[in-house]
Amino acid sequence: MVTVDDVEAALANVIDPELGLDFMELGLIYGVSIDDGHVHVTFTLTSPGCPIGPQVMEQIDEFVSELDGVTSVESEMTFAPPWTPDRMSEDAKFALGY
């Protein structure tokens with residue numbers, strides 16, 4: 001059975017192409033829920049004008065659907081609440097000079 005930890009580990013493979021860091025470290029994953037093999041991932045982008053939304057959705061689907069026990073993947077982009085650098089891990093803050 002797939003767990004939230006499994007999904008979050010898979011999401012560490014989703015990389016922001018401009019920053020070169022993964023979505024988990026950047027704090028861009030807002031939530032993961034699992035219901036009988038169906039995985040729902042809520043994420044955001046660093047700004048509403050960022051054009052990589054479709055690419056991110058494809059990567060989320062690709063990496064999460066490879067996990068044992070996943071029957072479907074749904075990703076939802078939101079901008080509420082807006083992302084801020086405070087959501088980043090300490091490692092990401094250090095790498096980006098925050």
# chains A, B, ... in the order shown; residues from 1 in each chain; ligands from 1
call {"tool": "residues_around", "arguments": {"residues": "region 9-24 of chain A", "least_positions_apart": "3", "cutoff": "12 Å", "atoms": "only C-alpha atoms", "output": "PyMOL selection string"}}
result
chain A and resi 2-6+27-32+39+41-46+50-53+55-68+70+75+83+87-97
call {"tool": "select_by_dssp", "arguments": {"residues": "chain A", "states": "strand (DSSP E)", "output": "number ranges by chain"}}
result
A: 29-35, 38-43, 72-77
call {"tool": "atom_distance", "arguments": {"atom1": "CA of Pro82 (chain A)", "atom2": "CA of Pro54 (chain A)"}}
result
18.5 Å
call {"tool": "atom_distance", "arguments": {"atom1": "CA of Glu8 (chain A)", "atom2": "CA of Pro85 (chain A)"}}
result
19.3 Å
call {"tool": "select_by_dssp", "arguments": {"residues": "region 14-54 of chain A", "states": "alpha helix (DSSP H)", "output": "PyMOL selection string"}}
result
chain A and resi 23-26+53-54
